[in-house]
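K.L.:
structure_13.cif is reproduced in full below (mmCIF, C-alpha atoms).
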data_data
#
loop_
_atom_site.label_atom_id
_atom_site.label_comp_id
_atom_site.auth_asym_id
_atom_site.auth_seq_id
_atom_site.Cartn_x
_atom_site.Cartn_y
_atom_site.Cartn_z
CA MET U 1 75.22 78.22 124.56
CA ILE U 2 74.83 75.87 121.63
CA ASN U 3 75.93 73.03 123.88
CA ARG U 4 73.28 73.91 126.45
CA LEU U 5 70.59 73.95 123.79
CA ARG U 6 71.78 70.61 122.45
CA GLU U 7 71.36 69.02 125.82
CA LEU U 8 67.83 70.32 126.10
CA ILE U 9 66.53 68.97 122.82
CA PRO U 10 64.61 65.68 123.19
CA GLU U 11 66.03 62.83 121.09
CA PRO U 12 62.85 62.35 118.97
CA ALA U 13 63.07 66.04 117.94
CA LEU U 14 66.78 65.66 117.18
CA ARG U 15 66.00 62.64 115.00
CA ARG U 16 63.47 64.66 112.98
CA LEU U 17 65.85 67.55 112.23
CA PRO U 18 67.71 65.63 109.46
CA TRP U 19 64.35 65.15 107.68
CA TYR U 20 63.86 68.92 107.61
CA LEU U 21 67.46 69.41 106.49
CA ALA U 22 67.01 67.01 103.55
CA TYR U 23 63.91 68.89 102.43
CA VAL U 24 65.40 72.36 102.94
CA THR U 25 68.49 71.38 100.92
CA LEU U 26 66.18 70.24 98.13
CA LEU U 27 64.36 73.61 98.24
CA ARG U 28 67.66 75.52 98.16
CA GLU U 29 68.78 73.51 95.10
CA ARG U 30 65.47 74.42 93.45
CA GLY U 31 66.12 78.10 94.12
CA VAL U 32 63.44 78.58 96.80
CA GLU U 33 64.32 81.47 99.12
CA TYR U 34 61.81 81.25 101.97
CA VAL U 35 59.86 78.40 103.51
CA SER U 36 57.24 78.22 106.28
CA SER U 37 56.76 75.29 108.65
CA THR U 38 53.40 74.75 106.91
CA ALA U 39 55.16 74.36 103.55
CA ILE U 40 57.72 71.97 105.06
CA SER U 41 54.81 70.07 106.58
CA ARG U 42 53.16 69.61 103.18
CA GLY U 43 56.47 68.58 101.64
CA ILE U 44 57.50 65.88 104.07
CA ASN U 45 54.29 64.85 105.77
CA VAL U 46 55.07 65.91 109.35
CA ASP U 47 52.70 68.03 111.49
CA ALA U 48 53.43 71.78 111.03
CA ALA U 49 53.17 72.59 114.75
CA GLN U 50 55.65 69.81 115.45
CA ILE U 51 58.07 71.25 112.89
CA ALA U 52 57.80 74.78 114.34
CA LYS U 53 58.40 73.38 117.84
CA ASP U 54 61.42 71.31 116.73
CA LEU U 55 62.93 74.30 114.90
CA SER U 56 62.51 76.47 118.00
CA PHE U 57 65.58 74.65 119.44
CA LEU U 58 67.66 76.30 116.70
CA ASP U 59 69.03 79.80 116.84
CA ILE U 60 66.80 81.00 113.98
CA LYS U 61 63.54 82.93 113.71
CA GLY U 62 61.01 82.71 110.92
CA LYS U 63 59.44 85.89 109.58
CA THR U 64 55.67 86.36 109.77
CA ARG U 65 53.94 85.20 106.59
CA ILE U 66 57.11 84.34 104.63
CA GLY U 67 58.77 81.92 107.05
CA TYR U 68 62.42 80.91 107.34
CA GLU U 69 65.21 81.95 105.01
CA VAL U 70 66.03 78.65 103.25
CA GLU U 71 69.82 79.05 103.04
CA LEU U 72 70.12 80.20 106.64
CA LEU U 73 67.86 77.40 107.88
CA GLU U 74 69.96 74.83 106.02
CA HIS U 75 73.13 76.27 107.56
CA LYS U 76 71.69 76.38 111.09
CA LEU U 77 70.38 72.81 110.82
CA GLU U 78 73.74 71.50 109.59
CA GLU U 79 75.52 73.34 112.37
CA PHE U 80 73.14 72.19 115.09
CA LEU U 81 73.32 68.58 113.91
CA GLY U 82 77.12 68.62 113.98
CA PHE U 83 77.36 68.08 110.20
CA ARG U 84 79.58 71.13 109.68
CA LYS U 85 82.34 69.83 111.98
CA ARG U 86 84.86 67.10 111.10
CA HIS U 87 84.55 63.94 113.20
CA ARG U 88 87.41 61.55 112.46
CA ALA U 89 86.55 57.87 112.52
CA ALA U 90 88.07 54.45 111.90
CA ILE U 91 86.24 51.41 110.50
CA VAL U 92 86.83 48.17 112.36
CA GLY U 93 85.90 45.27 110.09
CA VAL U 94 86.67 45.94 106.43
CA GLY U 95 84.05 43.58 105.00
CA SER U 96 81.30 44.46 102.56
CA LEU U 97 79.59 47.03 104.79
CA GLY U 98 82.88 48.45 106.09
CA ARG U 99 84.16 48.96 102.55
CA ALA U 100 80.89 50.58 101.49
CA LEU U 101 81.14 53.10 104.31
CA MET U 102 84.83 53.79 103.50
CA GLN U 103 83.95 54.64 99.92
CA ASP U 104 80.72 56.55 100.66
CA SER U 105 81.64 60.16 99.97
CA GLY U 106 78.16 61.16 101.22
CA LEU U 107 79.18 60.67 104.85
CA ALA U 108 81.64 63.57 104.61
CA ASN U 109 78.66 65.86 103.93
CA TYR U 110 77.38 64.79 107.34
CA GLY U 111 80.63 65.54 109.16
CA LEU U 112 82.05 62.02 109.23
CA GLU U 113 85.57 61.55 107.94
CA ILE U 114 86.64 57.90 107.83
CA VAL U 115 90.44 58.00 107.83
CA ALA U 116 91.43 54.33 108.11
CA GLY U 117 90.22 50.75 108.35
CA PHE U 118 91.27 47.96 110.72
CA ASP U 119 90.90 44.24 110.09
CA VAL U 120 92.32 40.83 111.05
CA ASN U 121 92.62 39.57 107.47
CA PRO U 122 96.33 39.46 106.42
CA ASP U 123 95.28 39.89 102.77
CA LEU U 124 93.77 43.29 103.63
CA ILE U 125 96.30 44.56 106.18
CA GLY U 126 98.77 46.92 104.53
CA SER U 127 96.52 47.59 101.54
CA GLN U 128 94.32 50.61 100.85
CA TRP U 129 90.63 51.04 100.05
CA PHE U 130 89.64 54.23 98.25
CA GLY U 131 92.91 55.80 99.36
CA LYS U 132 92.42 54.88 103.02
CA PRO U 133 94.97 52.59 104.73
CA ILE U 134 93.94 49.28 106.28
CA TYR U 135 95.84 48.31 109.44
CA ASP U 136 95.99 45.29 111.71
CA VAL U 137 93.29 45.56 114.38
CA ALA U 138 95.98 44.63 116.95
CA GLU U 139 97.58 48.02 116.20
CA LEU U 140 94.45 50.02 117.01
CA SER U 141 95.74 51.34 120.36
CA GLU U 142 99.12 52.46 119.05
CA ARG U 143 97.68 54.06 115.89
CA ALA U 144 94.60 55.80 117.32
CA ALA U 145 96.38 58.92 118.62
CA GLY U 146 98.35 59.45 115.40
CA LEU U 147 95.21 59.08 113.32
CA ASP U 148 93.40 61.47 115.67
CA VAL U 149 90.19 59.43 115.54
CA GLU U 150 87.40 59.77 118.09
CA ILE U 151 84.81 57.38 116.62
CA GLY U 152 85.16 53.63 116.02
CA ILE U 153 82.72 52.11 113.54
CA VAL U 154 81.98 48.45 114.27
CA THR U 155 81.23 46.48 111.11
CA VAL U 156 82.52 43.07 112.16
CA PRO U 157 80.43 39.88 112.38
CA VAL U 158 78.17 39.95 115.45
CA GLU U 159 80.24 37.46 117.48
CA TYR U 160 83.24 39.84 117.51
CA ALA U 161 81.28 43.01 118.35
CA GLN U 162 82.08 43.18 122.07
CA GLU U 163 85.74 42.19 121.64
CA VAL U 164 86.26 44.88 119.00
CA ALA U 165 84.41 47.45 121.12
CA ASP U 166 86.75 46.64 124.03
CA HIS U 167 89.73 47.32 121.75
CA ILE U 168 88.20 50.63 120.62
CA ILE U 169 87.60 51.76 124.20
CA ALA U 170 91.10 50.67 125.27
CA ALA U 171 92.48 52.74 122.39
CA GLY U 172 90.90 55.84 123.97
CA LEU U 173 88.16 56.50 121.39
CA LYS U 174 85.08 58.31 122.68
CA ALA U 175 82.27 56.87 120.59
CA ILE U 176 81.25 53.62 118.93
CA TRP U 177 78.92 53.42 115.95
CA ASN U 178 77.71 49.84 116.14
CA PHE U 179 76.27 48.27 112.98
CA THR U 180 75.91 44.80 114.53
CA PRO U 181 72.72 43.69 116.32
CA TYR U 182 74.81 43.00 119.44
CA ARG U 183 74.17 45.29 122.47
CA ILE U 184 77.71 46.45 123.17
CA GLN U 185 78.53 47.10 126.83
CA ALA U 186 80.76 50.04 127.65
CA PRO U 187 81.75 52.13 130.68
CA GLU U 188 80.06 55.48 131.41
CA GLY U 189 81.25 58.28 129.18
CA ILE U 190 81.54 56.17 126.03
CA VAL U 191 78.83 57.00 123.50
CA ILE U 192 77.29 53.98 121.79
CA SER U 193 75.12 54.54 118.74
CA ASN U 194 73.34 51.47 117.35
CA THR U 195 72.29 51.14 113.73
CA SER U 196 70.84 47.70 113.24
CA ILE U 197 69.40 47.46 109.77
CA TYR U 198 68.12 43.97 110.57
CA ALA U 199 65.78 45.31 113.25
CA HIS U 200 64.34 47.64 110.59
CA LEU U 201 63.81 44.63 108.31
CA ALA U 202 61.88 42.81 111.05
CA VAL U 203 59.58 45.79 111.59
CA MET U 204 59.01 46.10 107.83
CA TYR U 205 58.14 42.39 107.43
CA ASN U 206 55.77 42.63 110.36
CA ARG U 207 53.95 45.61 108.90
CA MET U 208 53.75 43.90 105.49
CA LEU U 209 51.93 41.00 107.16
CA SER U 210 49.50 43.38 108.86
CA GLU U 211 48.67 45.04 105.53
CA LYS U 212 47.73 41.73 103.89
CA MET S 213 47.37 32.85 114.74
CA ILE S 214 50.93 34.05 114.23
CA ASN S 215 49.54 37.01 112.30
CA ARG S 216 47.28 37.96 115.18
CA LEU S 217 50.18 37.78 117.62
CA ARG S 218 52.32 39.88 115.30
CA GLU S 219 49.76 42.62 115.29
CA LEU S 220 49.64 42.65 119.06
CA ILE S 221 53.34 43.08 119.69
CA PRO S 222 54.34 46.71 120.33
CA GLU S 223 56.99 48.05 117.95
CA PRO S 224 59.61 48.72 120.67
CA ALA S 225 59.39 45.04 121.73
CA LEU S 226 59.63 43.94 118.10
CA ARG S 227 62.76 46.08 117.69
CA ARG S 228 64.39 44.41 120.68
CA LEU S 229 63.82 40.83 119.46
CA PRO S 230 66.74 40.98 116.95
CA TRP S 231 69.08 41.83 119.87
CA TYR S 232 68.01 38.65 121.64
CA LEU S 233 68.37 36.70 118.41
CA ALA S 234 71.95 37.91 117.89
CA TYR S 235 72.87 36.86 121.41
CA VAL S 236 71.08 33.50 121.26
CA THR S 237 72.81 32.67 117.95
CA LEU S 238 76.13 33.43 119.62
CA LEU S 239 75.25 31.09 122.52
CA ARG S 240 74.21 28.32 120.12
CA GLU S 241 77.53 28.64 118.26
CA ARG S 242 79.31 28.34 121.62
CA GLY S 243 77.42 25.11 122.32
CA VAL S 244 75.16 26.50 125.08
CA GLU S 245 71.92 24.46 125.34
CA TYR S 246 69.72 26.48 127.71
CA VAL S 247 69.47 30.14 128.59
CA SER S 248 67.34 32.11 131.07
CA SER S 249 66.11 35.66 130.57
CA THR S 250 68.43 36.59 133.46
CA ALA S 251 71.43 35.21 131.57
CA ILE S 252 70.38 37.03 128.37
CA SER S 253 69.99 40.17 130.48
CA ARG S 254 73.58 39.91 131.75
CA GLY S 255 74.84 39.21 128.23
CA ILE S 256 73.25 42.11 126.42
CA ASN S 257 72.48 44.64 129.12
CA VAL S 258 68.67 44.71 128.89
CA ASP S 259 66.37 44.33 131.92
CA ALA S 260 65.50 40.65 132.52
CA ALA S 261 61.80 41.31 133.20
CA GLN S 262 61.64 43.23 129.91
CA ILE S 263 63.22 40.29 128.06
CA ALA S 264 60.79 37.78 129.61
CA LYS S 265 57.86 40.02 128.67
CA ASP S 266 59.08 40.50 125.08
CA LEU S 267 59.63 36.76 124.65
CA SER S 268 56.10 36.06 125.91
CA PHE S 269 54.87 37.17 122.46
CA LEU S 270 56.59 34.12 120.99
CA ASP S 271 55.15 30.62 120.96
CA ILE S 272 57.79 29.28 123.37
CA LYS S 273 57.92 28.53 127.09
CA GLY S 274 61.02 28.57 129.28
CA LYS S 275 61.50 25.78 131.85
CA THR S 276 61.74 26.65 135.54
CA ARG S 277 65.36 27.13 136.61
CA ILE S 278 66.98 26.16 133.27
CA GLY S 279 65.24 28.63 130.97
CA TYR S 280 64.71 28.45 127.21
CA GLU S 281 66.14 25.82 124.89
CA VAL S 282 68.69 27.87 122.90
CA GLU S 283 68.21 26.23 119.50
CA LEU S 284 64.41 26.37 119.73
CA LEU S 285 64.47 30.00 120.90
CA GLU S 286 66.72 30.95 117.97
CA HIS S 287 64.34 29.20 115.55
CA LYS S 288 61.22 30.81 117.06
CA LEU S 289 62.80 34.27 117.02
CA GLU S 290 63.86 33.93 113.38
CA GLU S 291 60.40 32.69 112.45
CA PHE S 292 58.57 35.43 114.35
CA LEU S 293 60.79 38.14 112.89
CA GLY S 294 60.15 36.92 109.34
CA PHE S 295 63.83 35.99 108.81
CA ARG S 296 63.01 32.40 107.78
CA LYS S 297 60.84 33.48 104.83
CA ARG S 298 62.14 34.79 101.49
CA HIS S 299 61.24 38.41 100.72
CA ARG S 300 62.25 39.35 97.18
CA ALA S 301 63.49 42.90 96.69
CA ALA S 302 64.92 45.22 94.04
CA ILE S 303 67.47 47.97 94.65
CA VAL S 304 66.65 51.31 93.03
CA GLY S 305 69.84 53.36 92.81
CA VAL S 306 72.94 51.25 92.20
CA GLY S 307 75.43 53.66 93.79
CA SER S 308 77.85 52.91 96.58
CA LEU S 309 75.20 51.97 99.17
CA GLY S 310 73.03 50.11 96.63
CA ARG S 311 75.99 48.03 95.50
CA ALA S 312 76.99 47.27 99.09
CA LEU S 313 73.49 45.95 99.81
CA MET S 314 73.47 43.89 96.58
CA GLN S 315 76.70 42.15 97.57
CA ASP S 316 75.89 41.75 101.28
CA SER S 317 75.25 38.04 101.67
CA GLY S 318 74.31 38.70 105.31
CA LEU S 319 70.90 40.08 104.31
CA ALA S 320 69.84 36.66 103.02
CA ASN S 321 70.19 35.36 106.59
CA TYR S 322 67.53 37.89 107.52
CA GLY S 323 65.09 36.83 104.82
CA LEU S 324 65.94 39.50 102.25
CA GLU S 325 66.76 38.35 98.75
CA ILE S 326 67.84 41.20 96.46
CA VAL S 327 67.25 39.91 92.94
CA ALA S 328 67.99 42.94 90.73
CA GLY S 329 69.07 46.54 90.64
CA PHE S 330 67.58 49.51 88.76
CA ASP S 331 69.39 52.69 87.78
CA VAL S 332 69.35 55.56 85.29
CA ASN S 333 73.06 55.36 84.44
CA PRO S 334 73.52 53.90 80.89
CA ASP S 335 76.97 52.58 81.91
CA LEU S 336 75.33 50.37 84.54
CA ILE S 337 72.15 49.32 82.70
CA GLY S 338 72.57 45.87 81.16
CA SER S 339 75.50 44.96 83.42
CA GLN S 340 75.53 42.77 86.50
CA TRP S 341 76.71 43.26 90.07
CA PHE S 342 77.53 40.13 92.04
CA GLY S 343 75.48 38.10 89.56
CA LYS S 344 72.43 40.36 89.83
CA PRO S 345 71.17 42.16 86.71
CA ILE S 346 70.91 45.94 86.55
CA TYR S 347 67.97 47.31 84.56
CA ASP S 348 66.76 50.72 83.45
CA VAL S 349 64.59 52.27 86.16
CA ALA S 350 62.08 53.13 83.41
CA GLU S 351 61.46 49.37 83.07
CA LEU S 352 60.55 48.87 86.71
CA SER S 353 56.81 48.45 86.08
CA GLU S 354 57.16 45.94 83.25
CA ARG S 355 59.84 43.87 85.05
CA ALA S 356 58.42 43.83 88.61
CA ALA S 357 55.95 40.96 88.09
CA GLY S 358 58.49 38.74 86.30
CA LEU S 359 61.05 39.35 89.05
CA ASP S 360 58.34 38.64 91.65
CA VAL S 361 59.60 41.41 93.94
CA GLU S 362 57.53 42.90 96.74
CA ILE S 363 60.07 45.31 98.29
CA GLY S 364 61.75 48.30 96.62
CA ILE S 365 64.92 49.55 98.30
CA VAL S 366 65.50 53.26 97.72
CA THR S 367 69.22 54.14 97.64
CA VAL S 368 69.09 57.13 95.28
CA PRO S 369 70.21 60.67 96.13
CA VAL S 370 67.65 62.40 98.37
CA GLU S 371 66.22 64.63 95.62
CA TYR S 372 64.99 61.60 93.65
CA ALA S 373 63.50 59.71 96.62
CA GLN S 374 59.83 60.61 96.05
CA GLU S 375 59.99 60.16 92.27
CA VAL S 376 61.55 56.71 92.63
CA ALA S 377 59.03 55.78 95.34
CA ASP S 378 56.20 56.74 92.97
CA HIS S 379 57.68 54.38 90.33
CA ILE S 380 57.92 51.58 92.89
CA ILE S 381 54.30 52.02 93.97
CA ALA S 382 53.11 52.23 90.34
CA ALA S 383 54.94 48.95 89.67
CA GLY S 384 52.74 47.29 92.29
CA LEU S 385 55.35 46.68 95.00
CA LYS S 386 54.04 46.52 98.55
CA ALA S 387 56.88 47.95 100.60
CA ILE S 388 59.62 50.56 100.38
CA TRP S 389 62.83 50.43 102.38
CA ASN S 390 63.96 54.05 102.27
CA PHE S 391 67.64 54.78 102.96
CA THR S 392 67.33 58.49 102.14
CA PRO S 393 66.50 61.12 104.80
CA TYR S 394 63.46 62.17 102.71
CA ARG S 395 60.01 61.39 104.22
CA ILE S 396 58.44 59.50 101.33
CA GLN S 397 54.69 59.93 100.92
CA ALA S 398 52.64 56.92 99.87
CA PRO S 399 49.00 55.84 99.78
CA GLU S 400 47.51 53.67 102.57
CA GLY S 401 48.53 50.05 102.37
CA ILE S 402 52.10 50.72 101.25
CA VAL S 403 54.63 49.95 103.98
CA ILE S 404 57.43 52.49 104.31
CA SER S 405 60.44 51.63 106.42
CA ASN S 406 62.99 54.40 106.97
CA THR S 407 66.64 53.77 107.72
CA SER S 408 68.41 57.09 107.87
CA ILE S 409 71.96 56.54 109.00
CA TYR S 410 72.51 60.30 109.02
CA ALA S 411 69.94 60.80 111.77
CA HIS S 412 71.90 58.27 113.83
CA LEU S 413 75.07 60.29 113.20
CA ALA S 414 73.38 63.47 114.46
CA VAL S 415 72.28 61.75 117.67
CA MET S 416 75.78 60.35 118.18
CA TYR S 417 77.46 63.75 117.70
CA ASN S 418 74.98 65.32 120.10
CA ARG S 419 75.68 62.74 122.79
CA MET S 420 79.44 63.14 122.26
CA LEU S 421 79.08 66.85 123.01
CA SER S 422 77.09 66.11 126.16
CA GLU S 423 79.81 63.75 127.41
CA LYS S 424 82.51 66.39 127.06
#
The structure in this file should be written as structure tokens.
P.N.:
Amino acid sequence: MINRLRELIPEPALRRLPWYLAYVTLLRERGVEYVSSTAISRGINVDAAQIAKDLSFLDIKGKTRIGYEVELLEHKLEEFLGFRKRHRAAIVGVGSLGRALMQDSGLANYGLEIVAGFDVNPDLIGSQWFGKPIYDVAELSERAAGLDVEIGIVTVPVEYAQEVADHIIAAGLKAIWNFTPYRIQAPEGIVISNTSIYAHLAVMYNRMLSEK
Amino acid sequence: MINRLRELIPEPALRRLPWYLAYVTLLRERGVEYVSSTAISRGINVDAAQIAKDLSFLDIKGKTRIGYEVELLEHKLEEFLGFRKRHRAAIVGVGSLGRALMQDSGLANYGLEIVAGFDVNPDLIGSQWFGKPIYDVAELSERAAGLDVEIGIVTVPVEYAQEVADHIIAAGLKAIWNFTPYRIQAPEGIVISNTSIYAHLAVMYNRMLSEK
């Protein structure tokens, strides 16, 4: 049932849910017990009708006048977003960004457990970073099953993005989180999620020019 | 003239330009001299007509049959995207992500120069990270002009996002690059750019469920 609902939710709505979650967590920490979509709207600057519509995809009902129970809403949001499950992942490319992600304990709160790193640098191979082993990228296929990873995180320089993605797919992983600006090509059934912080920079610069 | 063009380009097109740039840089490094939109299309898996249309916003013309000059296209893309200018920025929140951004030399290739960090932690204040000073966040207003920064990068825990943004705006900075999932509120004229990696995680998990 949850799976059916997930497939029905439009991606823009799905992308807004983490905003509500961040705000609801804040309210819970402040000891607030109930919140209406109107109150969320004031808090995070999103249209109240939009919020109510987005939250209708969740298995939760607000009460007339008092709204949603804060703790329950937080729980339902985390569950719906997949943040309450463990998703095991490996970093490929233990450079500055790769290391930052390996040491970011915040990701575990969002269901991502990075269990190992892979690199080509002989100085790194065989060492550990924040308690996580770093292996030779050539061993990805043989180690993937033992590590029980389903997500490969690509943090290599852009020119190696496709090659590394091919290794990840050959190793039987199901999803690639791509931090390079390269558009990775993959067969059907492999999930590719692109996070290009440089594209965000370009949009920001452009808007700064328009404001001048 | 460039400014007028910038305002005309739709944001989805602007977001795609860094993909083309990454691919064109790769071609230049491989010694390729000319490239057509059809060849870019095959390389990065984006519709060729779309690519040609997006590139029409740039001040560059392809030649019949042989296409765009690779080096010139790379230069024009970097220029249009604002990556050839220096944009001075300060990190607010020198935690794991903040430190990673301060040490990421890659950002400089995209026009972002992080010149200082700000934090509340007395153990960090007065120290340096990768040669960049870390100051007390309470000193943001008095230091901003001397540092000549125009962008504040918010890498604090979510519950401090708005408070820190208010400090950044009060200090006279023009743009906020927000890495928290909180929807920061700001007066007109302040550019807010949101990069929430957790929203990307949620979308990835959701698509992984759909593929099962």
K.L.:
Quick check on the file I pasted: which residues fall under the PyMOL selection byres ((chain U) within 8 of (chain S))? Write them as a JSON list (two decimals) with C-alpha atoms, keeping the file's coordinate frame.
P.N.:
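Output below, filename selection24.json:
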[["chain", "number", "residue", "atom", "x", "y", "z"],
["U", 3, "ASN", "CA", 75.93, 73.03, 123.88],
["U", 6, "ARG", "CA", 71.78, 70.61, 122.45],
["U", 7, "GLU", "CA", 71.36, 69.02, 125.82],
["U", 11, "GLU", "CA", 66.03, 62.83, 121.09],
["U", 14, "LEU", "CA", 66.78, 65.66, 117.18],
["U", 15, "ARG", "CA", 66.00, 62.64, 115.00],
["U", 16, "ARG", "CA", 63.47, 64.66, 112.98],
["U", 17, "LEU", "CA", 65.85, 67.55, 112.23],
["U", 18, "PRO", "CA", 67.71, 65.63, 109.46],
["U", 19, "TRP", "CA", 64.35, 65.15, 107.68],
["U", 22, "ALA", "CA", 67.01, 67.01, 103.55],
["U", 23, "TYR", "CA", 63.91, 68.89, 102.43],
["U", 26, "LEU", "CA", 66.18, 70.24, 98.13],
["U", 44, "ILE", "CA", 57.50, 65.88, 104.07],
["U", 45, "ASN", "CA", 54.29, 64.85, 105.77],
["U", 81, "LEU", "CA", 73.32, 68.58, 113.91],
["U", 82, "GLY", "CA", 77.12, 68.62, 113.98],
["U", 83, "PHE", "CA", 77.36, 68.08, 110.20],
["U", 96, "SER", "CA", 81.30, 44.46, 102.56],
["U", 97, "LEU", "CA", 79.59, 47.03, 104.79],
["U", 100, "ALA", "CA", 80.89, 50.58, 101.49],
["U", 101, "LEU", "CA", 81.14, 53.10, 104.31],
["U", 103, "GLN", "CA", 83.95, 54.64, 99.92],
["U", 104, "ASP", "CA", 80.72, 56.55, 100.66],
["U", 107, "LEU", "CA", 79.18, 60.67, 104.85],
["U", 110, "TYR", "CA", 77.38, 64.79, 107.34],
["U", 158, "VAL", "CA", 78.17, 39.95, 115.45],
["U", 159, "GLU", "CA", 80.24, 37.46, 117.48],
["U", 174, "LYS", "CA", 85.08, 58.31, 122.68],
["U", 175, "ALA", "CA", 82.27, 56.87, 120.59],
["U", 177, "TRP", "CA", 78.92, 53.42, 115.95],
["U", 181, "PRO", "CA", 72.72, 43.69, 116.32],
["U", 182, "TYR", "CA", 74.81, 43.00, 119.44],
["U", 183, "ARG", "CA", 74.17, 45.29, 122.47],
["U", 184, "ILE", "CA", 77.71, 46.45, 123.17],
["U", 185, "GLN", "CA", 78.53, 47.10, 126.83],
["U", 189, "GLY", "CA", 81.25, 58.28, 129.18],
["U", 190, "ILE", "CA", 81.54, 56.17, 126.03],
["U", 191, "VAL", "CA", 78.83, 57.00, 123.50],
["U", 192, "ILE", "CA", 77.29, 53.98, 121.79],
["U", 193, "SER", "CA", 75.12, 54.54, 118.74],
["U", 194, "ASN", "CA", 73.34, 51.47, 117.35],
["U", 195, "THR", "CA", 72.29, 51.14, 113.73],
["U", 197, "ILE", "CA", 69.40, 47.46, 109.77],
["U", 198, "TYR", "CA", 68.12, 43.97, 110.57],
["U", 199, "ALA", "CA", 65.78, 45.31, 113.25],
["U", 200, "HIS", "CA", 64.34, 47.64, 110.59],
["U", 201, "LEU", "CA", 63.81, 44.63, 108.31],
["U", 202, "ALA", "CA", 61.88, 42.81, 111.05],
["U", 203, "VAL", "CA", 59.58, 45.79, 111.59],
["U", 204, "MET", "CA", 59.01, 46.10, 107.83],
["U", 205, "TYR", "CA", 58.14, 42.39, 107.43],
["U", 206, "ASN", "CA", 55.77, 42.63, 110.36],
["U", 207, "ARG", "CA", 53.95, 45.61, 108.90],
["U", 208, "MET", "CA", 53.75, 43.90, 105.49],
["U", 209, "LEU", "CA", 51.93, 41.00, 107.16],
["U", 210, "SER", "CA", 49.50, 43.38, 108.86],
["U", 211, "GLU", "CA", 48.67, 45.04, 105.53]]
K.L.:
For the file shown, report as an mmCIF file with C-alpha atoms, in the coordinates of the input the outcome of the PyMOL selection byres ((chain S and resi 281) around 10) at residue level.
P.N.:
data_model
loop_
_atom_site.group_PDB
_atom_site.id
_atom_site.type_symbol
_atom_site.label_atom_id
_atom_site.label_comp_id
_atom_site.auth_asym_id
_atom_site.auth_seq_id
_atom_site.Cartn_x
_atom_site.Cartn_y
_atom_site.Cartn_z
ATOM 1 C CA VAL S 236 71.080 33.500 121.260
ATOM 2 C CA ARG S 240 74.210 28.320 120.120
ATOM 3 C CA VAL S 244 75.160 26.500 125.080
ATOM 4 C CA GLU S 245 71.920 24.460 125.340
ATOM 5 C CA TYR S 246 69.720 26.480 127.710
ATOM 6 C CA VAL S 247 69.470 30.140 128.590
ATOM 7 C CA SER S 248 67.340 32.110 131.070
ATOM 8 C CA ILE S 272 57.790 29.280 123.370
ATOM 9 C CA LYS S 273 57.920 28.530 127.090
ATOM 10 C CA GLY S 274 61.020 28.570 129.280
ATOM 11 C CA LYS S 275 61.500 25.780 131.850
ATOM 12 C CA ILE S 278 66.980 26.160 133.270
ATOM 13 C CA GLY S 279 65.240 28.630 130.970
ATOM 14 C CA TYR S 280 64.710 28.450 127.210
ATOM 15 C CA VAL S 282 68.690 27.870 122.900
ATOM 16 C CA GLU S 283 68.210 26.230 119.500
ATOM 17 C CA LEU S 284 64.410 26.370 119.730
ATOM 18 C CA LEU S 285 64.470 30.000 120.900
ATOM 19 C CA GLU S 286 66.720 30.950 117.970
#
K.L.:
Please measure the separation of atom CA of S:Val376 and atom CA of S:Phe342, giving the value in Å to one decimal.
P.N.:
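A separation of 23.0 Å between them.
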K.L.:
Atom CA of S:Ala320 and atom CA of U:Ile125, how far apart in Å?
P.N.:
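Separation of atom CA of U:Ile125 and atom CA of S:Ala320: 27.8 Å.
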K.L.:
Between atom CA of U:Ala52 and atom CA of U:Ile40, what is the spacing in Å?
P.N.:
9.7 Å
K.L.:
Let me make sure I understand: among S:Leu336, S:Leu270, S:Asp360, S:Asp348, which one has the smallest atom-to-atom distance to S:Glu291 if we use all atoms listed in the file?
P.N.:
S:Leu270
K.L.:
Give me the residues near U:Phe118 as a PyMOL selection string, where near means some atom within 9 Å (using all atoms listed in the file) and where sequence neighbours in that chain fewer than 4 positions away do not count.
P.N.:
chain U and resi 90-94+124-125+133-140
K.L.:
Name the residues that the PyMOL selection byres ((chain U and resi 170) around 12) pulls out of this structure, and write them as a CSV table (one decimal) with C-alpha atoms, in the frame of the given file.
P.N.:
chain,number,residue,atom,x,y,z
U,138,ALA,CA,96.0,44.6,117.0
U,139,GLU,CA,97.6,48.0,116.2
U,140,LEU,CA,94.4,50.0,117.0
U,141,SER,CA,95.7,51.3,120.4
U,142,GLU,CA,99.1,52.5,119.0
U,143,ARG,CA,97.7,54.1,115.9
U,144,ALA,CA,94.6,55.8,117.3
U,145,ALA,CA,96.4,58.9,118.6
U,152,GLY,CA,85.2,53.6,116.0
U,163,GLU,CA,85.7,42.2,121.6
U,164,VAL,CA,86.3,44.9,119.0
U,165,ALA,CA,84.4,47.4,121.1
U,166,ASP,CA,86.8,46.6,124.0
U,167,HIS,CA,89.7,47.3,121.8
U,168,ILE,CA,88.2,50.6,120.6
U,169,ILE,CA,87.6,51.8,124.2
U,171,ALA,CA,92.5,52.7,122.4
U,172,GLY,CA,90.9,55.8,124.0
U,173,LEU,CA,88.2,56.5,121.4
U,174,LYS,CA,85.1,58.3,122.7
U,175,ALA,CA,82.3,56.9,120.6
U,186,ALA,CA,80.8,50.0,127.6
U,187,PRO,CA,81.8,52.1,130.7
U,190,ILE,CA,81.5,56.2,126.0
K.L.:
Out of U:Ser127, U:Thr155, U:Thr38, U:Asn178, which residue has the shortest atom-to-atom distance to U:Ile51 when counting only C-alpha atoms?
P.N.:
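Going through U:Ser127, U:Thr155, U:Thr38, U:Asn178 one by one, the smallest distance to U:Ile51 is for U:Thr38.
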K.L.:
Name the closest residue to U:Glu113 among the candidates U:Ala161, U:Leu77, U:Ile153, U:Ala13; distances are taken between atoms, counting all atoms listed in the file.
P.N.:
U:Ile153
